[in-house]
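Student: Sharing a structure with you now.
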Number of protein chains: 2
Amino acid sequence: MIWVRACSALVGFRAPTCVRSLHSFPGITVAQYKTSEHFIFCSGTRDYNPKQMAIREKVFNTIIRCFKRHGAETIDTPVFELKETLTGKYGEDSKLIYDLKDQGGELLSLRYDLTVPFARYLAMNKITNIKRYHIAKVYRRDNPAMTRGRYREFYQCDFDIAGQYDAMIPDAECLKIVHEILNELDLGDFRIKVNDRRILDGMFAVCGVPDDKFRTICSTVDKLDKMSWEDVKKEMVNEKGLSEEAADQIGEYVSMQGGMDLAERLLQDHKMSQSKQACAGLSDIKLLFKYLQLFHVTDKVVFDLSLARGLDYYTGVIYEAVLTQASAVSAANEAQNCANAEESVSVGSVAGGGRYDGLVGMFDPKGRRVPCVGVSIGIERIFSIMEQKASPEKVRTTEVQIMVASAQKNLLEERLQLISELWNAGIKAEVMYKKNPKLLSQLQYCEEAGIPLVAILGEQELKDGVVKLRVVATREEVDISRADLISEIKRRTEA
Amino acid sequence: MIWVRACSALVGFRAPTCVRSLHSFPGITVAQYKTSEHFIFCSGTRDYNPKQMAIREKVFNTIIRCFKRHGAETIDTPVFELKETLTGKYGEDSKLIYDLKDQGGELLSLRYDLTVPFARYLAMNKITNIKRYHIAKVYRRDNPAMTRGRYREFYQCDFDIAGQYDAMIPDAECLKIVHEILNELDLGDFRIKVNDRRILDGMFAVCGVPDDKFRTICSTVDKLDKMSWEDVKKEMVNEKGLSEEAADQIGEYVSMQGGMDLAERLLQDHKMSQSKQACAGLSDIKLLFKYLQLFHVTDKVVFDLSLARGLDYYTGVIYEAVLTQASAVSAANEAQNCANAEESVSVGSVAGGGRYDGLVGMFDPKGRRVPCVGVSIGIERIFSIMEQKASPEKVRTTEVQIMVASAQKNLLEERLQLISELWNAGIKAEVMYKKNPKLLSQLQYCEEAGIPLVAILGEQELKDGVVKLRVVATREEVDISRADLISEIKRRTEA
């Protein structure tokens, strides 16, 4: 019953006007409601258990390694900002901002993404050049009745390059990073769609869209990955009052996909070439493809005129990475307990971003601009896929190398003394917190926790100055002198 | 002027009735107010810049390595909890809880510590055994007028062992962990004070404190690290209505410090021995010292009857680690821009915790108890000290191994091609985002960022199929063939 409500809520899926962050859907939360006997948990949030944390750590490590390979620093900002800092940045989604209660003092809100705090940080500290990553939680007050399955707290994982540089060099690096991360995470085949806000705006202009309708028509185009062209056109004409002719012209353009050649062709297009903006965007797309060729990533990149992305603040190139292998997409769907066909396309989206040259200036008293380009990895979606792929019994939640066990009673002190030696030598070790644990229960614990080795102490071993080293997997046992124990453990676990 | 207010606020320092978390004082925030031209920042919070993040990462890595060595898993919980989950857990400090605005749905509050969410997690998931660490931010709505220098957002760093085990074994491991971490972080000499709530309660009983005054008298004793005995006595007698005789008897006990011998002596004490509770606590202190001897850490541990710790939920052993080297304490003070003598003792406190056997049961519908013991590392204070110790110019904020540079114009494509090869080989590399950067500015960037190597491309090098490898520190240059470049970089940077 609860599942049904969770999934049906997704049909009323909010138009992703804030797709820069790709957050995930149902999953564990709802199950927790069922097992929990009374409600002591906030809806729309979830705990991460140790197995989920182990997967999360692995994904974070891969991503952070990539960001560091590209020379990024990291910063952190508070979880709340002044309410006015967030006001007017997210369009109609501003209603999803979590406000803190007015308990005296400033009016505060929980951060909605990491991009606005980054821009605030740059302006406040007068920083004009930085390459930084930031991995942290953001908050959206999704209506629980409408979108029960959406998390209200989720991670964002952003990489941005701020600074006045030559065109498309940092932009190309952002795409290279997406390519590296998706390859390393081994999520299956993917495609990176690119477009440019200036091309979209130029296209709207030459198709006869009135200036004041650019943003709202752009939002409608953004739905093309979830709606048919017929429905998109209907929305443009019936709801947004566009002429049928203009809509049809847009329809022709947004069906175009290609590479550098398409950009070349559109530069010659008799209509498109009338727009200076479009030409600037198209020239940059050409340049971008040139750099992407040098990075050997063009096989995955497609220039797609239907890519719009909702956020107002983009000013230039925009991009989005989607998984294209049916298996990965369906894993993501399954992970989200909702194989709704309407969702299956957008579910594949795992990274997105673009250029936003005007945002920092909004926080600077003199309006000084700091050009920025960045990418957000859809980390929650990637967690879902990785969780789905991992067989739960094989996920180790600790890195313990050895258990210090005893074969007889009254050896607690000897166990504590030995484990202390191991800890001091940097070995990851556990001991049971019982005076007289049974040998069998100590061995069973190792099997369950995936601990590969056991150091067994008995009276005979103590007399002989040795430890019986047992390999859990093979049950092989061998006596090792106390003096050699540490190096032997290191040798055996340094695989 | 701002500094003055920040420091004077600390004189009215809140009694640490929630000392389990040791959060830090003034610092960067206030300075940010001065440099910021308009107020776009919430008071009592701060950004971390890349240098601070680099130090923070180092400290976290040391601590997490220790927690993992002891076999801990990690979990994560949402930043907000149902308001009722936090209600009634923090005594009079509950007024510092941040509530979210009622925007429909449940009433929510930001977490105040990590212990209550941990207990809620265990009860909700019916977990009876776990060893977990959790590093995350918590929130306290300190009155900005009263405590301007206190951060409202700060990290906690908790390790806890939950489960029904034999006495004092997990408790001893918690102290071993504190010992390992403080040693590894190299913060100077330290002492770990231990006591037991049952000894305190027994002492209050035999000294004639009425049952209903135990908690409030305990809070007053807790101030002994910041107030003289005379002032503490005055508060007991004048404010809390204790008889002078009872206060004097308490005064005698709380001046006692020692080791296992003191526990032994108090077990024979004609008054103390009348309290069953006190005797249970004293026997456990003896056992604890026995295990600590096996861990070789008793040199740092002292049984101190004046240690009270404010939090209501402690039920057994309690402990607190303090730095004792004047240099470290004064570094902490300086870091906090407040060398106020009244603060200098408590500023040394860098870890604390204890046993809380009743908290999980408060969240279980049937009141099932899960005994717990844990420790919280005073991570914010440690950051302050480490920041103070690090010379800013030496803190590297990236790990970049090599810069790909060009000696002549028009070599952007060649640079991009080479850096792509390096990234694909896992080498951390940067390139300047300019078409034609000057060689000098590329070299200067390396010096500033601490990048050790430069791969210089010029027309001659391209013709010869080599790269000029330059060591930034020595300015030594050598030609390396393209085929050998990657292994040569790895060789030179694997130090």
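For the structure tokens, the naming scheme is as follows: chains receive sequential letters (A, B, ...) according to their order of presentation, residues are indexed from 1 within each chain, and ligands are indexed from 1 in presentation order.
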Per residue of chain B within 7 Å of chain A, record the nearest atom pair and its distance in Å to one decimal, counting only C-alpha atoms, with rows in chain order and ascending residue number, as CSV.

Tutor:
residue,atom,partner,partner_atom,distance
B:Ser36,CA,A:Met124,CA,5.6
B:Ile40,CA,A:Thr85,CA,6.5
B:Phe41,CA,A:Leu82,CA,6.1
B:Cys42,CA,A:Leu82,CA,5.6
B:Thr45,CA,A:Pro78,CA,6.2
B:Arg46,CA,A:Pro78,CA,6.3
B:Asp47,CA,A:Thr77,CA,4.4
B:Tyr48,CA,A:Asp76,CA,4.9
B:Asn49,CA,A:Ile75,CA,5.1
B:Pro50,CA,A:Ile75,CA,5.2
B:Met53,CA,A:Ile75,CA,6.1
B:Lys68,CA,A:Glu399,CA,6.7
B:Arg69,CA,A:Lys428,CA,3.9
B:His70,CA,A:Ala429,CA,5.9
B:Gly71,CA,A:Val400,CA,5.4
B:Ala72,CA,A:Thr398,CA,6.4
B:Glu73,CA,A:Thr398,CA,5.5
B:Thr74,CA,A:Pro50,CA,5.4
B:Ile75,CA,A:Asn49,CA,5.1
B:Asp76,CA,A:Tyr48,CA,4.9
B:Thr77,CA,A:Asp47,CA,4.4
B:Pro78,CA,A:Thr45,CA,6.2
B:Glu81,CA,A:Cys42,CA,6.0
B:Leu82,CA,A:Cys42,CA,5.7
B:Thr85,CA,A:Ile40,CA,6.6
B:Asp99,CA,A:Lys101,CA,5.5
B:Leu100,CA,A:Leu100,CA,4.1
B:Lys101,CA,A:Lys101,CA,3.9
B:Met124,CA,A:Ser36,CA,5.6
B:Tyr165,CA,A:Tyr433,CA,5.6
B:Asp166,CA,A:Lys434,CA,5.2
B:Ile169,CA,A:Tyr433,CA,5.7
B:Pro170,CA,A:Tyr433,CA,6.4
B:Leu294,CA,A:Gln417,CA,5.2
B:Phe295,CA,A:Ser420,CA,5.5
B:Thr397,CA,A:Glu73,CA,5.7
B:Thr398,CA,A:Glu73,CA,5.5
B:Glu399,CA,A:Lys68,CA,6.7
B:Val400,CA,A:Gly71,CA,5.4
B:Glu413,CA,A:Leu294,CA,7.0
B:Leu416,CA,A:Leu294,CA,6.4
B:Gln417,CA,A:Leu294,CA,5.2
B:Ser420,CA,A:Phe295,CA,5.5
B:Trp423,CA,A:Arg69,CA,6.7
B:Gly426,CA,A:Arg69,CA,7.0
B:Ile427,CA,A:Arg69,CA,6.3
B:Lys428,CA,A:Arg69,CA,3.9
B:Ala429,CA,A:His70,CA,5.9
B:Glu430,CA,A:Gly71,CA,6.0
B:Tyr433,CA,A:Tyr165,CA,5.6
B:Lys434,CA,A:Asp166,CA,5.2
B:Lys435,CA,A:Asp166,CA,6.4

Student: Which residues are near A:Ala246? Cut-off 12 Å, only C-alpha atoms, ignore same chain within fewer than 3 positions. Put them as a PDB file with N, CA and C atoms, in the first residue's frame.

Tutor:
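Final output, result_18.pdb:
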ATOM      1  N   MET A 203      17.818  30.397 -31.085  1.00  0.00           N
ATOM      2  CA  MET A 203      16.815  29.586 -31.765  1.00  0.00           C
ATOM      3  C   MET A 203      15.408  30.099 -31.464  1.00  0.00           C
ATOM      4  N   PHE A 204      15.132  30.403 -30.188  1.00  0.00           N
ATOM      5  CA  PHE A 204      13.814  30.937 -29.834  1.00  0.00           C
ATOM      6  C   PHE A 204      13.561  32.249 -30.584  1.00  0.00           C
ATOM      7  N   ALA A 205      14.587  33.084 -30.624  1.00  0.00           N
ATOM      8  CA  ALA A 205      14.443  34.384 -31.276  1.00  0.00           C
ATOM      9  C   ALA A 205      14.110  34.206 -32.767  1.00  0.00           C
ATOM     10  N   VAL A 206      14.882  33.362 -33.447  1.00  0.00           N
ATOM     11  CA  VAL A 206      14.664  33.235 -34.895  1.00  0.00           C
ATOM     12  C   VAL A 206      13.384  32.461 -35.224  1.00  0.00           C
ATOM     13  N   CYS A 207      12.875  31.700 -34.234  1.00  0.00           N
ATOM     14  CA  CYS A 207      11.600  31.002 -34.450  1.00  0.00           C
ATOM     15  C   CYS A 207      10.411  31.871 -34.073  1.00  0.00           C
ATOM     16  N   GLY A 208      10.677  33.094 -33.612  1.00  0.00           N
ATOM     17  CA  GLY A 208       9.583  34.018 -33.356  1.00  0.00           C
ATOM     18  C   GLY A 208       8.979  33.920 -31.962  1.00  0.00           C
ATOM     19  N   VAL A 209       9.730  33.374 -30.987  1.00  0.00           N
ATOM     20  CA  VAL A 209       9.246  33.369 -29.597  1.00  0.00           C
ATOM     21  C   VAL A 209       9.475  34.761 -29.020  1.00  0.00           C
ATOM     22  N   PRO A 210       8.437  35.375 -28.416  1.00  0.00           N
ATOM     23  CA  PRO A 210       8.662  36.692 -27.801  1.00  0.00           C
ATOM     24  C   PRO A 210       9.695  36.603 -26.673  1.00  0.00           C
ATOM     25  N   ILE A 217       9.343  28.873 -22.269  1.00  0.00           N
ATOM     26  CA  ILE A 217       9.414  27.929 -23.390  1.00  0.00           C
ATOM     27  C   ILE A 217      10.607  26.987 -23.194  1.00  0.00           C
ATOM     28  N   LYS A 233       4.677  20.207 -27.623  1.00  0.00           N
ATOM     29  CA  LYS A 233       4.111  21.219 -28.517  1.00  0.00           C
ATOM     30  C   LYS A 233       2.763  21.717 -27.986  1.00  0.00           C
ATOM     31  N   MET A 236       3.291  24.136 -25.311  1.00  0.00           N
ATOM     32  CA  MET A 236       3.767  25.431 -25.848  1.00  0.00           C
ATOM     33  C   MET A 236       2.614  26.249 -26.413  1.00  0.00           C
ATOM     34  N   VAL A 237       1.787  25.565 -27.180  1.00  0.00           N
ATOM     35  CA  VAL A 237       0.718  26.276 -27.892  1.00  0.00           C
ATOM     36  C   VAL A 237      -0.456  26.555 -26.965  1.00  0.00           C
ATOM     37  N   LYS A 240       1.130  27.930 -23.084  1.00  0.00           N
ATOM     38  CA  LYS A 240       2.041  29.073 -23.060  1.00  0.00           C
ATOM     39  C   LYS A 240       1.760  30.066 -24.182  1.00  0.00           C
ATOM     40  N   GLY A 241       0.745  29.770 -25.022  1.00  0.00           N
ATOM     41  CA  GLY A 241       0.283  30.732 -26.006  1.00  0.00           C
ATOM     42  C   GLY A 241       1.232  30.997 -27.165  1.00  0.00           C
ATOM     43  N   LEU A 242       2.068  30.009 -27.487  1.00  0.00           N
ATOM     44  CA  LEU A 242       2.969  30.181 -28.631  1.00  0.00           C
ATOM     45  C   LEU A 242       2.197  29.874 -29.930  1.00  0.00           C
ATOM     46  N   SER A 243       2.593  30.521 -31.020  1.00  0.00           N
ATOM     47  CA  SER A 243       1.919  30.220 -32.284  1.00  0.00           C
ATOM     48  C   SER A 243       2.342  28.825 -32.736  1.00  0.00           C
ATOM     49  N   GLN A 249       8.640  25.227 -35.862  1.00  0.00           N
ATOM     50  CA  GLN A 249      10.046  25.551 -36.184  1.00  0.00           C
ATOM     51  C   GLN A 249      10.980  25.079 -35.072  1.00  0.00           C
ATOM     52  N   ILE A 250      10.555  25.316 -33.825  1.00  0.00           N
ATOM     53  CA  ILE A 250      11.353  24.831 -32.687  1.00  0.00           C
ATOM     54  C   ILE A 250      11.479  23.318 -32.769  1.00  0.00           C
ATOM     55  N   GLY A 251      10.346  22.681 -33.076  1.00  0.00           N
ATOM     56  CA  GLY A 251      10.326  21.220 -33.150  1.00  0.00           C
ATOM     57  C   GLY A 251      11.343  20.682 -34.142  1.00  0.00           C
ATOM     58  N   GLU A 252      11.529  21.400 -35.237  1.00  0.00           N
ATOM     59  CA  GLU A 252      12.500  20.957 -36.227  1.00  0.00           C
ATOM     60  C   GLU A 252      13.926  21.010 -35.662  1.00  0.00           C
ATOM     61  N   TYR A 253      14.218  22.147 -35.016  1.00  0.00           N
ATOM     62  CA  TYR A 253      15.575  22.299 -34.473  1.00  0.00           C
ATOM     63  C   TYR A 253      15.854  21.296 -33.355  1.00  0.00           C
TER      64      TYR A 253
END

Student: Step one, run DSSP on the backbone; step two, keep only residues of stretch 216-446 of chain B assigned to strand (DSSP E); then write them as a ChimeraX atom specification.

Tutor: /B:257-258,301-304,317-323,349-355,372-377,402-406,429-431

Student: For the residues in that selection, give me N, CA, C and O atoms as a CSV table (one decimal), in the first residue's frame.

Tutor:
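The resulting selection-v3.csv:
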chain,number,residue,atom,x,y,z
B,257,GLN,N,42.4,12.8,43.8
B,257,GLN,CA,42.9,12.3,42.5
B,257,GLN,C,43.8,11.1,42.8
B,257,GLN,O,44.5,11.1,43.7
B,258,GLY,N,43.8,10.2,41.9
B,258,GLY,CA,44.7,9.0,42.0
B,258,GLY,C,44.5,8.0,41.0
B,258,GLY,O,44.1,8.3,39.9
B,301,VAL,N,46.2,8.4,32.6
B,301,VAL,CA,44.9,8.3,33.1
B,301,VAL,C,44.8,8.6,34.6
B,301,VAL,O,45.7,8.1,35.4
B,302,VAL,N,43.9,9.5,35.0
B,302,VAL,CA,43.8,9.8,36.5
B,302,VAL,C,42.4,9.7,36.9
B,302,VAL,O,41.5,10.1,36.2
B,303,PHE,N,42.1,9.0,38.0
B,303,PHE,CA,40.8,8.9,38.6
B,303,PHE,C,40.6,10.2,39.4
B,303,PHE,O,41.3,10.5,40.4
B,304,ASP,N,39.6,11.0,39.0
B,304,ASP,CA,39.5,12.3,39.5
B,304,ASP,C,38.0,12.5,40.0
B,304,ASP,O,37.1,12.6,39.1
B,317,VAL,N,30.7,5.0,34.0
B,317,VAL,CA,32.0,5.7,33.9
B,317,VAL,C,31.9,6.9,32.9
B,317,VAL,O,31.1,6.9,32.0
B,318,ILE,N,32.6,7.9,33.3
B,318,ILE,CA,32.7,9.1,32.5
B,318,ILE,C,34.2,9.5,32.4
B,318,ILE,O,35.0,9.2,33.2
B,319,TYR,N,34.5,10.2,31.3
B,319,TYR,CA,35.9,10.6,31.2
B,319,TYR,C,36.1,11.9,30.3
B,319,TYR,O,35.2,12.2,29.5
B,320,GLU,N,37.2,12.5,30.4
B,320,GLU,CA,37.5,13.7,29.7
B,320,GLU,C,39.0,13.8,29.5
B,320,GLU,O,39.7,13.6,30.5
B,321,ALA,N,39.4,14.1,28.3
B,321,ALA,CA,40.9,14.3,28.1
B,321,ALA,C,41.2,15.8,28.0
B,321,ALA,O,40.5,16.5,27.3
B,322,VAL,N,42.3,16.2,28.6
B,322,VAL,CA,42.7,17.6,28.6
B,322,VAL,C,44.1,17.6,28.2
B,322,VAL,O,45.0,16.8,28.6
B,323,LEU,N,44.5,18.7,27.4
B,323,LEU,CA,45.9,18.9,27.1
B,323,LEU,C,46.5,19.6,28.3
B,323,LEU,O,45.9,20.5,28.8
B,349,SER,N,40.4,20.9,27.0
B,349,SER,CA,39.6,19.7,26.9
B,349,SER,C,39.4,19.3,25.4
B,349,SER,O,38.9,20.1,24.6
B,350,VAL,N,39.9,18.1,25.1
B,350,VAL,CA,39.8,17.7,23.7
B,350,VAL,C,39.1,16.4,23.4
B,350,VAL,O,39.0,16.0,22.2
B,351,ALA,N,38.5,15.8,24.4
B,351,ALA,CA,37.7,14.6,24.2
B,351,ALA,C,36.9,14.3,25.5
B,351,ALA,O,37.4,14.7,26.6
B,352,GLY,N,35.8,13.7,25.3
B,352,GLY,CA,35.0,13.3,26.5
B,352,GLY,C,34.0,12.3,26.1
B,352,GLY,O,33.6,12.1,25.0
B,353,GLY,N,33.5,11.7,27.2
B,353,GLY,CA,32.4,10.7,26.9
B,353,GLY,C,32.1,9.9,28.1
B,353,GLY,O,32.4,10.3,29.3
B,354,GLY,N,31.4,8.8,27.9
B,354,GLY,CA,31.1,7.9,29.1
B,354,GLY,C,30.0,6.9,28.7
B,354,GLY,O,29.7,6.7,27.5
B,355,ARG,N,29.5,6.3,29.7
B,355,ARG,CA,28.6,5.2,29.5
B,355,ARG,C,27.1,5.7,29.7
B,355,ARG,O,26.9,6.5,30.6
B,372,CYS,N,25.4,1.4,26.2
B,372,CYS,CA,26.3,2.0,25.3
B,372,CYS,C,27.4,2.7,26.1
B,372,CYS,O,27.2,3.2,27.2
B,373,VAL,N,28.5,2.8,25.4
B,373,VAL,CA,29.6,3.6,25.9
B,373,VAL,C,30.3,4.3,24.7
B,373,VAL,O,30.3,3.7,23.6
B,374,GLY,N,30.7,5.5,24.9
B,374,GLY,CA,31.3,6.2,23.7
B,374,GLY,C,32.2,7.3,24.1
B,374,GLY,O,32.3,7.7,25.2
B,375,VAL,N,32.7,7.9,23.0
B,375,VAL,CA,33.6,9.0,23.2
B,375,VAL,C,33.5,10.0,22.0
B,375,VAL,O,33.2,9.6,20.9
B,376,SER,N,33.5,11.3,22.4
B,376,SER,CA,33.5,12.3,21.3
B,376,SER,C,34.8,13.0,21.3
B,376,SER,O,35.3,13.5,22.3
B,377,ILE,N,35.4,13.1,20.1
B,377,ILE,CA,36.7,13.8,20.0
B,377,ILE,C,36.3,15.3,19.7
B,377,ILE,O,35.5,15.6,18.9
B,402,ILE,N,52.3,17.6,-11.2
B,402,ILE,CA,53.0,18.2,-12.3
B,402,ILE,C,52.1,19.2,-13.0
B,402,ILE,O,50.9,19.1,-13.1
B,403,MET,N,52.7,20.2,-13.6
B,403,MET,CA,52.0,21.2,-14.4
B,403,MET,C,52.5,21.0,-15.8
B,403,MET,O,53.7,20.8,-16.1
B,404,VAL,N,51.5,20.9,-16.8
B,404,VAL,CA,51.9,20.8,-18.2
B,404,VAL,C,52.0,22.2,-18.7
B,404,VAL,O,51.0,22.9,-18.8
B,405,ALA,N,53.2,22.6,-19.1
B,405,ALA,CA,53.4,24.0,-19.5
B,405,ALA,C,54.0,24.1,-21.0
B,405,ALA,O,54.4,23.1,-21.5
B,406,SER,N,54.0,25.2,-21.5
B,406,SER,CA,54.6,25.4,-22.8
B,406,SER,C,55.5,26.6,-22.8
B,406,SER,O,55.3,27.5,-22.1
B,429,ALA,N,47.5,16.4,-12.4
B,429,ALA,CA,48.2,17.3,-13.3
B,429,ALA,C,47.3,18.5,-13.5
B,429,ALA,O,46.0,18.4,-13.5
B,430,GLU,N,47.9,19.7,-13.7
B,430,GLU,CA,47.2,20.9,-14.1
B,430,GLU,C,47.8,21.5,-15.3
B,430,GLU,O,48.9,21.3,-15.7
B,431,VAL,N,46.9,22.3,-16.0
B,431,VAL,CA,47.3,23.1,-17.1
B,431,VAL,C,46.7,24.4,-17.0
B,431,VAL,O,45.6,24.6,-16.4

Student: I'd like the interatomic distance between atom CA of A:Ile161 and atom CA of A:Cys174, to a tenth of an Å.

Tutor: 8.4 Å

Student: What gap, in Å, lies between atom CA of B:Gly378 and atom CA of B:Leu200?

Tutor: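 Separation of atom CA of B:Gly378 and atom CA of B:Leu200: 24.1 Å.
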
Student: Tell me, as an mmCIF file with N, CA and C atoms, in the first residue's frame, which residues lie within 8 Å of stretch 478-483 of chain B, counting only C-alpha atoms; anything in the same chain fewer than 6 positions away does not count.

Tutor:
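Dumped everything to result-v5.cif:
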data_model
loop_
_atom_site.group_PDB
_atom_site.id
_atom_site.type_symbol
_atom_site.label_atom_id
_atom_site.label_comp_id
_atom_site.auth_asym_id
_atom_site.auth_seq_id
_atom_site.Cartn_x
_atom_site.Cartn_y
_atom_site.Cartn_z
ATOM 1 N N GLY B 465 60.428 14.368 -29.811
ATOM 2 C CA GLY B 465 59.630 13.350 -29.108
ATOM 3 C C GLY B 465 59.941 13.282 -27.628
ATOM 4 N N VAL B 466 60.306 14.414 -27.034
ATOM 5 C CA VAL B 466 60.623 14.430 -25.595
ATOM 6 C C VAL B 466 59.808 15.517 -24.896
ATOM 7 N N VAL B 467 59.915 15.505 -23.597
ATOM 8 C CA VAL B 467 59.340 16.553 -22.753
ATOM 9 C C VAL B 467 60.442 17.022 -21.832
ATOM 10 N N LYS B 468 60.532 18.328 -21.639
ATOM 11 C CA LYS B 468 61.533 18.826 -20.690
ATOM 12 C C LYS B 468 60.925 18.763 -19.294
ATOM 13 N N LEU B 469 61.482 17.917 -18.426
ATOM 14 C CA LEU B 469 60.968 17.774 -17.078
ATOM 15 C C LEU B 469 61.768 18.684 -16.150
ATOM 16 N N ARG B 470 61.065 19.609 -15.491
ATOM 17 C CA ARG B 470 61.750 20.565 -14.635
ATOM 18 C C ARG B 470 61.353 20.322 -13.191
#

Student: What is the atom CA of B:Lys389 to atom CA of B:Glu447 distance in Å?

Tutor: 22.2 Å

Student: Can you tell me which residues surround A:Asp312 at a distance of at most 8 Å, considering only C-alpha atoms, apart from same-chain residues fewer than 3 positions away, and format the answer as a ChimeraX atom specification?

Tutor: /A:89-91,215
